[in-house]
file work-v6.cif (mmCIF, C-alpha atoms)
data_target
#
loop_
_atom_site.group_PDB
_atom_site.id
_atom_site.type_symbol
_atom_site.label_atom_id
_atom_site.label_comp_id
_atom_site.auth_asym_id
_atom_site.auth_seq_id
_atom_site.Cartn_x
_atom_site.Cartn_y
_atom_site.Cartn_z
ATOM 1 C CA MET A 24 -51.867 -7.107 2.463
ATOM 2 C CA GLN A 25 -49.715 -4.708 0.464
ATOM 3 C CA ASP A 26 -49.667 -2.205 3.338
ATOM 4 C CA LYS A 27 -48.494 -4.940 5.722
ATOM 5 C CA GLU A 28 -45.677 -5.965 3.400
ATOM 6 C CA THR A 29 -44.704 -2.313 2.959
ATOM 7 C CA LYS A 30 -44.553 -1.777 6.699
ATOM 8 C CA LYS A 31 -42.149 -4.719 7.019
ATOM 9 C CA THR A 32 -39.725 -3.117 4.586
ATOM 10 C CA THR A 33 -40.149 0.434 5.839
ATOM 11 C CA MET A 34 -40.309 2.338 9.109
ATOM 12 C CA SER A 35 -41.894 5.571 10.162
ATOM 13 C CA VAL A 36 -39.851 8.742 10.362
ATOM 14 C CA MET A 37 -40.295 8.766 14.127
ATOM 15 C CA ASP A 38 -39.055 5.138 14.389
ATOM 16 C CA MET A 39 -36.001 6.133 12.372
ATOM 17 C CA GLY A 40 -35.468 9.082 14.700
ATOM 18 C CA ARG A 41 -35.742 6.929 17.804
ATOM 19 C CA LEU A 42 -33.196 4.506 16.257
ATOM 20 C CA LEU A 43 -30.725 7.387 15.977
ATOM 21 C CA GLY A 44 -31.710 9.135 19.193
ATOM 22 C CA LEU A 45 -33.197 12.137 17.351
ATOM 23 C CA LYS A 46 -36.122 14.351 18.242
ATOM 24 C CA LYS A 47 -39.116 14.873 15.935
ATOM 25 C CA VAL A 48 -37.914 18.033 14.158
ATOM 26 C CA GLU A 49 -34.431 16.652 13.446
ATOM 27 C CA SER A 50 -35.899 13.316 12.338
ATOM 28 C CA TYR A 51 -38.070 14.967 9.674
ATOM 29 C CA TRP A 52 -35.220 17.290 8.683
ATOM 30 C CA LEU A 53 -32.993 14.248 8.078
ATOM 31 C CA ALA A 54 -35.758 12.466 6.152
ATOM 32 C CA HIS A 55 -36.046 15.423 3.766
ATOM 33 C CA LYS A 56 -32.259 15.539 3.045
ATOM 34 C CA GLY A 57 -32.553 12.790 0.411
ATOM 35 C CA TYR A 58 -29.889 10.555 1.960
ATOM 36 C CA PHE A 59 -32.150 7.497 1.751
ATOM 37 C CA ASP A 60 -35.407 6.521 0.020
ATOM 38 C CA ILE A 61 -38.710 7.831 1.318
ATOM 39 C CA ILE A 62 -42.175 6.624 0.221
ATOM 40 C CA THR A 63 -45.669 7.766 1.161
ATOM 41 C CA VAL A 64 -48.133 5.243 2.588
ATOM 42 C CA ASN A 65 -51.668 6.408 3.405
ATOM 43 C CA GLY A 66 -50.468 9.999 3.269
ATOM 44 C CA LYS A 67 -47.581 9.415 5.697
ATOM 45 C CA MET A 68 -43.816 9.393 5.043
ATOM 46 C CA ARG A 69 -42.010 6.115 5.558
ATOM 47 C CA VAL A 70 -38.299 5.354 5.356
ATOM 48 C CA VAL A 71 -37.233 2.388 3.196
ATOM 49 C CA THR A 72 -35.233 0.240 5.637
ATOM 50 C CA ASP A 73 -32.652 -1.202 3.186
ATOM 51 C CA SER A 74 -31.929 2.264 1.816
ATOM 52 C CA PHE A 75 -31.523 3.629 5.354
ATOM 53 C CA GLU A 76 -29.157 0.812 6.377
ATOM 54 C CA SER A 77 -27.050 1.335 3.245
ATOM 55 C CA TRP A 78 -26.780 5.063 3.994
ATOM 56 C CA TYR A 79 -25.899 4.298 7.612
ATOM 57 C CA THR A 80 -22.852 2.259 6.579
ATOM 58 C CA ARG A 81 -21.571 5.129 4.411
ATOM 59 C CA GLN A 82 -21.649 7.946 6.977
ATOM 60 C CA THR A 83 -20.175 8.608 10.410
ATOM 61 C CA ARG A 84 -22.188 11.508 11.772
ATOM 62 C CA TYR A 85 -25.261 9.674 13.043
ATOM 63 C CA HIS A 86 -24.980 6.770 15.500
ATOM 64 C CA LYS A 87 -27.669 4.282 16.444
ATOM 65 C CA VAL A 88 -28.658 4.301 20.093
ATOM 66 C CA SER A 89 -27.849 0.592 20.167
ATOM 67 C CA GLY A 90 -26.421 -1.675 17.516
ATOM 68 C CA GLU A 91 -23.499 -1.600 15.115
ATOM 69 C CA PRO A 92 -21.408 1.591 14.696
ATOM 70 C CA PRO A 93 -21.859 3.650 11.513
ATOM 71 C CA GLY A 94 -19.548 3.878 8.506
ATOM 72 C CA SER A 95 -18.656 0.185 8.069
ATOM 73 C CA GLN A 96 -18.939 0.375 4.261
ATOM 74 C CA LEU A 97 -17.278 3.778 4.196
ATOM 75 C CA ALA A 98 -14.314 2.341 6.108
ATOM 76 C CA GLU A 99 -14.017 -0.485 3.564
ATOM 77 C CA GLU A 100 -13.996 1.887 0.589
ATOM 78 C CA SER A 101 -12.020 4.923 1.752
ATOM 79 C CA TRP A 102 -9.638 6.453 4.283
ATOM 80 C CA SER A 103 -10.054 9.587 6.350
ATOM 81 C CA VAL A 104 -7.252 12.139 6.497
ATOM 82 C CA ARG A 105 -6.632 11.058 10.082
ATOM 83 C CA ASP A 106 -6.316 7.440 8.921
ATOM 84 C CA ILE A 107 -3.712 8.404 6.324
ATOM 85 C CA ALA A 108 -1.767 10.558 8.794
ATOM 86 C CA GLY A 109 -1.654 7.654 11.260
ATOM 87 C CA MET A 110 -0.543 5.136 8.622
ATOM 88 C CA LEU A 111 2.252 7.345 7.276
ATOM 89 C CA GLY A 112 3.361 8.618 10.684
ATOM 90 C CA ILE A 113 2.777 12.282 9.830
ATOM 91 C CA SER A 114 0.579 15.068 11.232
ATOM 92 C CA GLU A 115 -2.928 15.665 9.886
ATOM 93 C CA SER A 116 -1.900 19.071 8.529
ATOM 94 C CA THR A 117 0.953 17.414 6.611
ATOM 95 C CA ALA A 118 -1.510 14.802 5.322
ATOM 96 C CA TYR A 119 -3.877 17.512 4.040
ATOM 97 C CA SER A 120 -0.944 19.248 2.326
ATOM 98 C CA LEU A 121 0.194 15.957 0.798
ATOM 99 C CA ILE A 122 -3.268 15.173 -0.588
ATOM 100 C CA ALA A 123 -3.552 18.644 -2.124
ATOM 101 C CA ARG A 124 -0.030 18.576 -3.561
ATOM 102 C CA THR A 125 -0.394 15.169 -5.193
ATOM 103 C CA GLY A 126 -3.900 15.838 -6.514
ATOM 104 C CA MET A 127 -5.451 12.717 -4.972
ATOM 105 C CA GLU A 128 -9.115 12.239 -5.759
ATOM 106 C CA THR A 129 -11.262 12.912 -2.680
ATOM 107 C CA SER A 130 -14.906 12.973 -1.639
ATOM 108 C CA THR A 131 -16.700 14.738 1.182
ATOM 109 C CA VAL A 132 -18.833 12.779 3.649
ATOM 110 C CA ASN A 133 -20.677 14.726 6.346
ATOM 111 C CA GLY A 134 -18.264 17.604 5.822
ATOM 112 C CA TRP A 135 -15.163 15.405 6.175
ATOM 113 C CA MET A 136 -12.675 14.574 3.433
ATOM 114 C CA ARG A 137 -12.359 10.933 2.377
ATOM 115 C CA ILE A 138 -9.846 9.346 -0.008
ATOM 116 C CA PRO A 139 -10.833 6.169 -1.934
ATOM 117 C CA LYS A 140 -8.537 3.312 -0.939
ATOM 118 C CA ASP A 141 -7.680 2.375 -4.526
ATOM 119 C CA ILE A 142 -6.660 5.989 -5.266
ATOM 120 C CA PHE A 143 -4.456 6.098 -2.162
ATOM 121 C CA GLN A 144 -2.897 2.723 -2.990
ATOM 122 C CA THR A 145 -2.036 3.822 -6.542
ATOM 123 C CA TRP A 146 -0.303 6.928 -5.189
ATOM 124 C CA TYR A 147 1.448 4.973 -2.425
ATOM 125 C CA GLU A 148 2.971 2.483 -4.853
ATOM 126 C CA SER A 149 4.189 5.312 -7.114
ATOM 127 C CA GLN A 150 6.500 6.833 -4.486
ATOM 128 C CA SER A 151 8.972 5.766 -1.809
ATOM 129 C CA ARG A 152 9.234 8.749 0.517
ATOM 130 C CA TYR A 153 6.210 8.013 2.713
ATOM 131 C CA ARG A 154 5.855 4.502 4.130
ATOM 132 C CA ILE A 155 3.314 2.752 6.341
ATOM 133 C CA ALA A 156 4.496 1.180 9.604
ATOM 134 C CA GLU A 157 4.599 -2.352 8.196
ATOM 135 C CA ASP A 158 6.739 -1.287 5.246
ATOM 136 C CA ARG A 159 8.968 0.824 7.489
ATOM 137 C CA GLU A 160 9.704 -2.270 9.577
ATOM 138 C CA LYS A 161 10.406 -4.363 6.476
ATOM 139 C CA GLU A 162 12.648 -1.690 4.999
ATOM 140 C CA ALA A 163 14.530 -1.265 8.275
ATOM 141 C CA SER A 164 15.260 -4.989 8.203
ATOM 142 C CA LEU A 165 16.323 -4.814 4.546
ATOM 143 C CA MET A 166 18.595 -1.856 5.318
ATOM 144 C CA GLU A 167 20.579 -4.084 7.657
ATOM 145 C CA THR A 168 21.005 -6.836 5.066
ATOM 146 C CA THR A 169 21.869 -4.568 2.111
ATOM 147 C CA MET A 170 24.285 -1.779 1.306
ATOM 148 C CA SER A 171 24.221 1.248 -0.967
ATOM 149 C CA MET A 172 26.521 1.658 -3.953
ATOM 150 C CA PRO A 173 28.677 4.255 -2.121
ATOM 151 C CA ASP A 174 28.927 1.736 0.757
ATOM 152 C CA MET A 175 30.169 -0.915 -1.681
ATOM 153 C CA ALA A 176 32.643 1.567 -3.167
ATOM 154 C CA ARG A 177 34.012 2.372 0.309
ATOM 155 C CA LEU A 178 34.195 -1.321 1.202
ATOM 156 C CA LEU A 179 36.283 -2.136 -1.874
ATOM 157 C CA ASP A 180 38.086 1.227 -1.775
ATOM 158 C CA VAL A 181 37.255 1.952 -5.419
ATOM 159 C CA PRO A 182 35.585 4.914 -7.189
ATOM 160 C CA ARG A 183 31.814 4.840 -7.284
ATOM 161 C CA GLY A 184 31.873 4.539 -11.071
ATOM 162 C CA THR A 185 33.753 1.243 -10.698
ATOM 163 C CA VAL A 186 30.805 -0.155 -8.727
ATOM 164 C CA TYR A 187 28.471 0.610 -11.631
ATOM 165 C CA SER A 188 30.913 -1.147 -13.976
ATOM 166 C CA ILE A 189 30.910 -4.198 -11.701
ATOM 167 C CA LEU A 190 27.106 -4.268 -11.560
ATOM 168 C CA ASN A 191 26.800 -4.009 -15.343
ATOM 169 C CA SER A 192 29.390 -6.711 -16.035
ATOM 170 C CA GLN A 193 28.288 -10.256 -16.855
ATOM 171 C CA HIS A 194 30.018 -11.558 -13.748
ATOM 172 C CA GLY A 195 28.342 -8.912 -11.588
ATOM 173 C CA LYS A 196 24.903 -9.611 -13.017
ATOM 174 C CA ARG A 197 25.399 -13.293 -12.308
ATOM 175 C CA PHE A 198 26.157 -12.880 -8.602
ATOM 176 C CA LEU A 199 24.962 -9.495 -7.353
ATOM 177 C CA GLU A 200 21.339 -9.054 -6.295
ATOM 178 C CA VAL A 201 20.119 -5.468 -6.541
ATOM 179 C CA ILE A 202 16.908 -4.239 -4.933
ATOM 180 C CA GLU A 203 15.281 -0.798 -4.784
ATOM 181 C CA LEU A 204 14.622 0.525 -1.315
ATOM 182 C CA ALA A 205 13.239 3.995 -0.539
ATOM 183 C CA GLY A 206 14.040 5.066 -4.090
ATOM 184 C CA GLU A 207 17.661 3.890 -3.834
ATOM 185 C CA LYS A 208 19.301 0.863 -5.437
ATOM 186 C CA ARG A 209 21.003 -1.378 -2.870
ATOM 187 C CA ILE A 210 23.031 -4.581 -3.072
ATOM 188 C CA THR A 211 22.296 -7.502 -0.757
ATOM 189 C CA LYS A 212 25.259 -8.262 1.497
ATOM 190 C CA GLU A 213 24.886 -11.993 0.965
ATOM 191 C CA SER A 214 25.158 -11.713 -2.821
ATOM 192 C CA LEU A 215 28.062 -9.272 -2.480
ATOM 193 C CA GLU A 216 29.983 -11.792 -0.374
ATOM 194 C CA LEU A 217 29.362 -14.529 -2.968
ATOM 195 C CA TRP A 218 30.558 -12.212 -5.745
ATOM 196 C CA TYR A 219 33.631 -11.152 -3.753
ATOM 197 C CA ARG A 220 34.747 -14.745 -3.197
ATOM 198 C CA SER A 221 34.231 -15.566 -6.873
ATOM 199 C CA GLN A 222 36.798 -13.044 -8.164
ATOM 200 C CA ASP A 223 40.267 -11.709 -7.339
ATOM 201 C CA ARG A 224 40.392 -8.406 -9.191
ATOM 202 C CA TYR A 225 38.831 -6.184 -6.519
ATOM 203 C CA ILE A 226 40.308 -6.671 -3.061
ATOM 204 C CA LYS A 227 39.198 -5.101 0.217
ATOM 205 C CA PRO A 228 41.983 -2.987 1.795
ATOM 206 C CA GLY A 229 42.358 -5.451 4.668
ATOM 207 C CA ASP A 230 42.738 -8.393 2.281
ATOM 208 C CA GLU A 231 45.370 -6.880 -0.026
ATOM 209 C CA ARG A 232 48.675 -8.691 -0.308
ATOM 210 C CA GLU A 233 51.771 -6.616 0.296
ATOM 211 C CA GLY A 234 53.380 -5.415 -2.918
ATOM 212 C CA ARG A 235 50.258 -6.026 -5.011
ATOM 213 C CA LYS A 236 49.670 -3.141 -7.424
ATOM 214 C CA ARG A 237 46.200 -1.610 -7.371
ATOM 215 C CA LYS A 238 44.213 -1.603 -10.603
ATOM 216 C CA SER A 239 42.182 1.512 -9.722
ATOM 217 C CA ILE A 240 42.499 4.676 -7.662
ATOM 218 C CA HIS A 241 41.355 4.760 -4.050
ATOM 219 C CA TYR A 242 37.781 5.730 -3.167
ATOM 220 C CA ARG A 243 38.939 8.776 -1.207
ATOM 221 C CA ASP A 244 41.113 9.964 -4.128
ATOM 222 C CA CYS A 245 38.181 10.088 -6.530
ATOM 223 C CA LEU A 246 36.324 12.369 -4.101
ATOM 224 C CA THR A 247 39.124 14.954 -4.031
ATOM 225 C CA ALA A 248 40.295 14.702 -7.635
ATOM 226 C CA LYS A 249 39.890 18.006 -9.441
ATOM 227 C CA LYS A 250 38.792 18.338 -13.007
ATOM 228 C CA PRO A 251 41.516 19.818 -15.219
ATOM 229 C CA GLU A 252 40.950 23.476 -15.900
ATOM 230 C CA LYS A 253 40.031 24.376 -19.450
ATOM 231 C CA PRO A 254 42.771 26.392 -21.150
ATOM 232 C CA ILE A 255 41.905 30.003 -21.833
ATOM 233 C CA ARG A 256 41.787 30.598 -25.544
ATOM 234 C CA ILE A 257 42.475 34.132 -26.745
ATOM 235 C CA SER A 258 41.732 35.011 -30.338
ATOM 236 C CA ARG A 259 44.473 36.400 -32.566
ATOM 237 C CA ASN A 260 42.273 39.083 -34.036
ATOM 238 C CA GLU A 261 44.190 42.365 -33.678
ATOM 239 C CA GLU A 262 41.118 44.580 -33.874
ATOM 240 C CA TYR A 263 38.300 42.999 -31.838
ATOM 241 C CA HIS A 264 37.522 40.989 -28.670
ATOM 242 C CA PRO A 265 34.457 38.713 -28.303
ATOM 243 C CA ILE A 266 32.431 39.348 -25.105
ATOM 244 C CA ASP A 267 33.615 36.226 -23.210
ATOM 245 C CA GLU A 268 37.228 36.862 -24.158
ATOM 246 C CA ALA A 269 36.989 40.471 -22.971
ATOM 247 C CA ALA A 270 35.596 39.239 -19.623
ATOM 248 C CA ILE A 271 38.552 36.853 -19.187
ATOM 249 C CA LEU A 272 41.096 39.552 -19.980
ATOM 250 C CA ALA A 273 39.451 42.032 -17.605
ATOM 251 C CA GLY A 274 38.898 39.431 -14.882
ATOM 252 C CA VAL A 275 35.180 40.204 -14.607
ATOM 253 C CA ARG A 276 31.867 38.551 -15.427
ATOM 254 C CA THR A 277 30.317 38.876 -18.874
ATOM 255 C CA SER A 278 27.426 40.746 -17.222
ATOM 256 C CA THR A 279 29.942 43.442 -16.202
ATOM 257 C CA ILE A 280 31.164 43.716 -19.811
ATOM 258 C CA TYR A 281 27.577 44.235 -20.983
ATOM 259 C CA ARG A 282 27.099 46.873 -18.259
ATOM 260 C CA TRP A 283 30.191 48.719 -19.473
ATOM 261 C CA ILE A 284 28.928 48.528 -23.046
ATOM 262 C CA GLY A 285 25.579 49.964 -21.915
ATOM 263 C CA SER A 286 27.448 52.837 -20.288
ATOM 264 C CA ASN A 287 29.417 53.495 -23.529
ATOM 265 C CA CYS A 288 32.748 52.951 -21.766
ATOM 266 C CA PHE A 289 34.389 51.880 -25.053
ATOM 267 C CA PRO A 290 33.294 51.507 -28.687
ATOM 268 C CA THR A 291 31.829 48.249 -30.019
ATOM 269 C CA ILE A 292 30.628 46.929 -33.345
ATOM 270 C CA ARG A 293 27.567 44.727 -33.908
ATOM 271 C CA VAL A 294 28.438 41.882 -36.271
ATOM 272 C CA SER A 295 24.902 40.456 -36.266
ATOM 273 C CA PRO A 296 21.708 41.045 -34.226
ATOM 274 C CA LYS A 297 23.080 38.743 -31.491
ATOM 275 C CA VAL A 298 26.843 39.153 -31.821
ATOM 276 C CA ILE A 299 28.849 42.118 -30.508
ATOM 277 C CA ARG A 300 32.570 42.670 -30.908
ATOM 278 C CA ILE A 301 34.594 45.037 -28.732
ATOM 279 C CA ILE A 302 37.237 47.201 -30.399
ATOM 280 C CA ARG A 303 40.450 45.973 -28.822
ATOM 281 C CA GLU A 304 42.603 49.091 -28.259
ATOM 282 C CA PRO A 305 39.994 51.362 -26.566
ATOM 283 C CA PHE A 306 38.823 48.429 -24.425
ATOM 284 C CA GLU A 307 42.318 47.613 -23.182
ATOM 285 C CA GLU A 308 42.975 51.273 -22.443
ATOM 286 C CA TYR A 309 39.731 51.430 -20.449
ATOM 287 C CA VAL A 310 40.618 48.314 -18.451
ATOM 288 C CA SER A 311 44.099 49.659 -17.689
ATOM 289 C CA GLY A 312 42.612 52.973 -16.632
ATOM 290 C CA GLN A 313 40.138 51.252 -14.319
ATOM 291 C CA ARG A 314 42.894 49.300 -12.623
ATOM 292 C CA GLU A 315 45.054 52.380 -12.110
ATOM 293 C CA SER A 316 42.354 54.887 -11.254
ATOM 294 C CA GLU A 317 41.175 55.082 -7.681
ATOM 295 C CA GLY A 318 37.983 56.678 -8.888
ATOM 296 C CA GLY A 319 37.191 53.668 -11.069
ATOM 297 C CA THR A 320 36.576 51.287 -8.200
ATOM 298 C CA GLU A 321 32.791 51.447 -8.524
ATOM 299 C CA HIS A 322 32.863 50.495 -12.225
ATOM 300 C CA TRP A 323 35.483 47.846 -11.653
ATOM 301 C CA GLN A 324 33.420 45.516 -9.448
ATOM 302 C CA PRO A 325 33.280 42.146 -11.267
#
call {"tool": "encode", "arguments": {"input": "work-v6.cif", "output": "structure tokens"}}
result
Amino acid sequence: MQDKETKKTTMSVMDMGRLLGLKKVESYWLAHKGYFDIITVNGKMRVVTDSFESWYTRQTRYHKVSGEPPGSQLAEESWSVRDIAGMLGISESTAYSLIARTGMETSTVNGWMRIPKDIFQTWYESQSRYRIAEDREKEASLMETTMSMPDMARLLDVPRGTVYSILNSQHGKRFLEVIELAGEKRITKESLELWYRSQDRYIKPGDEREGRKRKSIHYRDCLTAKKPEKPIRISRNEEYHPIDEAAILAGVRTSTIYRWIGSNCFPTIRVSPKVIRIIREPFEEYVSGQRESEGGTEHWQP
């Protein structure tokens, strides 16, 4: 009775081989790999059916001659590199590089790399550069109904910093809806229009009344405005020059000053382990000589 019950829950190695379209030698080789449970009945090996079926759903190498395709459970739990490449719209080589670079946890099934779906999902939600087709379509639609902060600045003809001030104001927070798209903050056009109609401080160039004085500079002006140059400060010490001051006076980089010092071009004094002062008179004579001497061109390169 026990042998009959066992036979119902097991199959011979040859039956398993015939199920997969394998010959005798390959059938026994597969049975000895330890992929599924094997028991011995009356001195003969038998394959535990449930264990075999579970293994079958988690591999893709072996296919049944007839019946369901393999890997159904594997497909539910993980992605192949090809799957990920297809979802993200990239090449397989780029997908392999991406997986290695981000340190995603992987497993190997029948010699092929697999990535657990929960691991991939965690990575996917942590970045915005790579998007699946569905999200790309959604984001393309959102792009049309939103605008970036520089876009808003150009629309109102104000500096970009003014846009941040508007967004952080109580009035701005009340009306303006900000979303993050592809790693960039964007303002919905609908909320921007509501905000615009609710105030009269910021006016689009086409809506400005003649003679109205602007309360901020134009957007284009803030792009070309130059920062004021820092005044050159020269010490009043009659005996020494600091390194940076000497570089300014000579019109060269500080690295050139250090090179001259290394070549003993003029005397210096070490004030502390990290501070060097250049004796003023010999240094200025050297600089004058370099400017006048045709042979000093090589040394004089800034």
call {"tool": "axis_aligned_box", "arguments": {"input": "work-v6.cif", "around": "stretch 272-282 of chain A", "padding_each_side": "3 Å", "output": "AutoDock Vina command-line options"}}
result
--center_x 34.1 --center_y 42.7 --center_z -17.8 --size_x 20.0 --size_y 14.3 --size_z 12.4
call {"tool": "closest_residue", "arguments": {"input": "work-v6.cif", "among": "A:Arg69, A:Arg282, A:Arg41, A:Lys227", "to": "A:Ala54", "atoms": "all atoms listed in the file"}}
result
A:Arg69
call {"tool": "closest_residue", "arguments": {"input": "work-v6.cif", "among": "A:Glu148, A:Glu203, A:Asp174, A:Asp73", "to": "A:Glu162", "atoms": "only C-alpha atoms"}}
result
A:Glu203
call {"tool": "atom_distance", "arguments": {"input": "work-v6.cif", "atom1": "atom CA of A:Arg177", "atom2": "atom CA of A:Tyr219"}}
result
14.1 Å
call {"tool": "residues_around", "arguments": {"input": "work-v6.cif", "residues": "A:Ser103", "least_positions_apart": "3", "cutoff": "12 Å", "atoms": "all atoms listed in the file", "output": "PyMOL selection string"}}
result
chain A and resi 82-83+94+97-100+106-110+115+118-119+122+129-140+143
call {"tool": "resolve_selection", "arguments": {"input": "work-v6.cif", "expression": "the PyMOL selection byres ((chain A and resi 53) around 12)", "output": "ChimeraX atom specification"}}
result
/A:36-37,39-40,43,45-52,54-61,70,75,78,84-85
call {"tool": "resolve_selection", "arguments": {"input": "work-v6.cif", "expression": "the PyMOL selection byres ((chain A and resi 204-207) around 8)", "output": "CSV table (one decimal) with C-alpha atoms, keeping the file's coordinate frame"}}
result
chain,number,residue,atom,x,y,z
A,150,GLN,CA,6.5,6.8,-4.5
A,151,SER,CA,9.0,5.8,-1.8
A,152,ARG,CA,9.2,8.7,0.5
A,162,GLU,CA,12.6,-1.7,5.0
A,171,SER,CA,24.2,1.2,-1.0
A,202,ILE,CA,16.9,-4.2,-4.9
A,203,GLU,CA,15.3,-0.8,-4.8
A,208,LYS,CA,19.3,0.9,-5.4
A,209,ARG,CA,21.0,-1.4,-2.9
call {"tool": "atom_distance", "arguments": {"input": "work-v6.cif", "atom1": "atom CA of A:Gly44", "atom2": "atom CA of A:Tyr79"}}
result
13.8 Å
call {"tool": "atom_distance", "arguments": {"input": "work-v6.cif", "atom1": "atom CA of A:Val104", "atom2": "atom CA of A:Lys161"}}
result
24.2 Å
call {"tool": "resolve_selection", "arguments": {"input": "work-v6.cif", "expression": "the PyMOL selection byres ((chain A and resi 288) around 12)", "output": "list in words"}}
result
Thr279, Ile280, Tyr281, Arg282, Trp283, Ile284, Gly285, Ser286, Asn287, Phe289, Pro290, Thr291, Ile301, Ile302, Pro305, Phe306, Glu307, Glu308, Tyr309, Val310, Gly312, Gln313, Gly319, His322 and Trp323 of chain A
call {"tool": "residues_around", "arguments": {"input": "work-v6.cif", "residues": "A:Phe198", "least_positions_apart": "3", "cutoff": "7 Å", "atoms": "all atoms listed in the file", "output": "count of residues only"}}
result
5
call {"tool": "closest_residue", "arguments": {"input": "work-v6.cif", "among": "A:Leu199, A:Ile210, A:Leu215, A:Ile62", "to": "A:Thr169", "atoms": "all atoms listed in the file"}}
result
A:Ile210
call {"tool": "residues_around", "arguments": {"input": "work-v6.cif", "residues": "A:Arg303", "least_positions_apart": "4", "cutoff": "7 Å", "atoms": "all atoms listed in the file", "output": "ChimeraX atom specification"}}
result
/A:262-264,307
call {"tool": "closest_residue", "arguments": {"input": "work-v6.cif", "among": "A:Met34, A:Leu179, A:Ala123, A:Leu165", "to": "A:Asp230", "atoms": "all atoms listed in the file"}}
result
A:Leu179
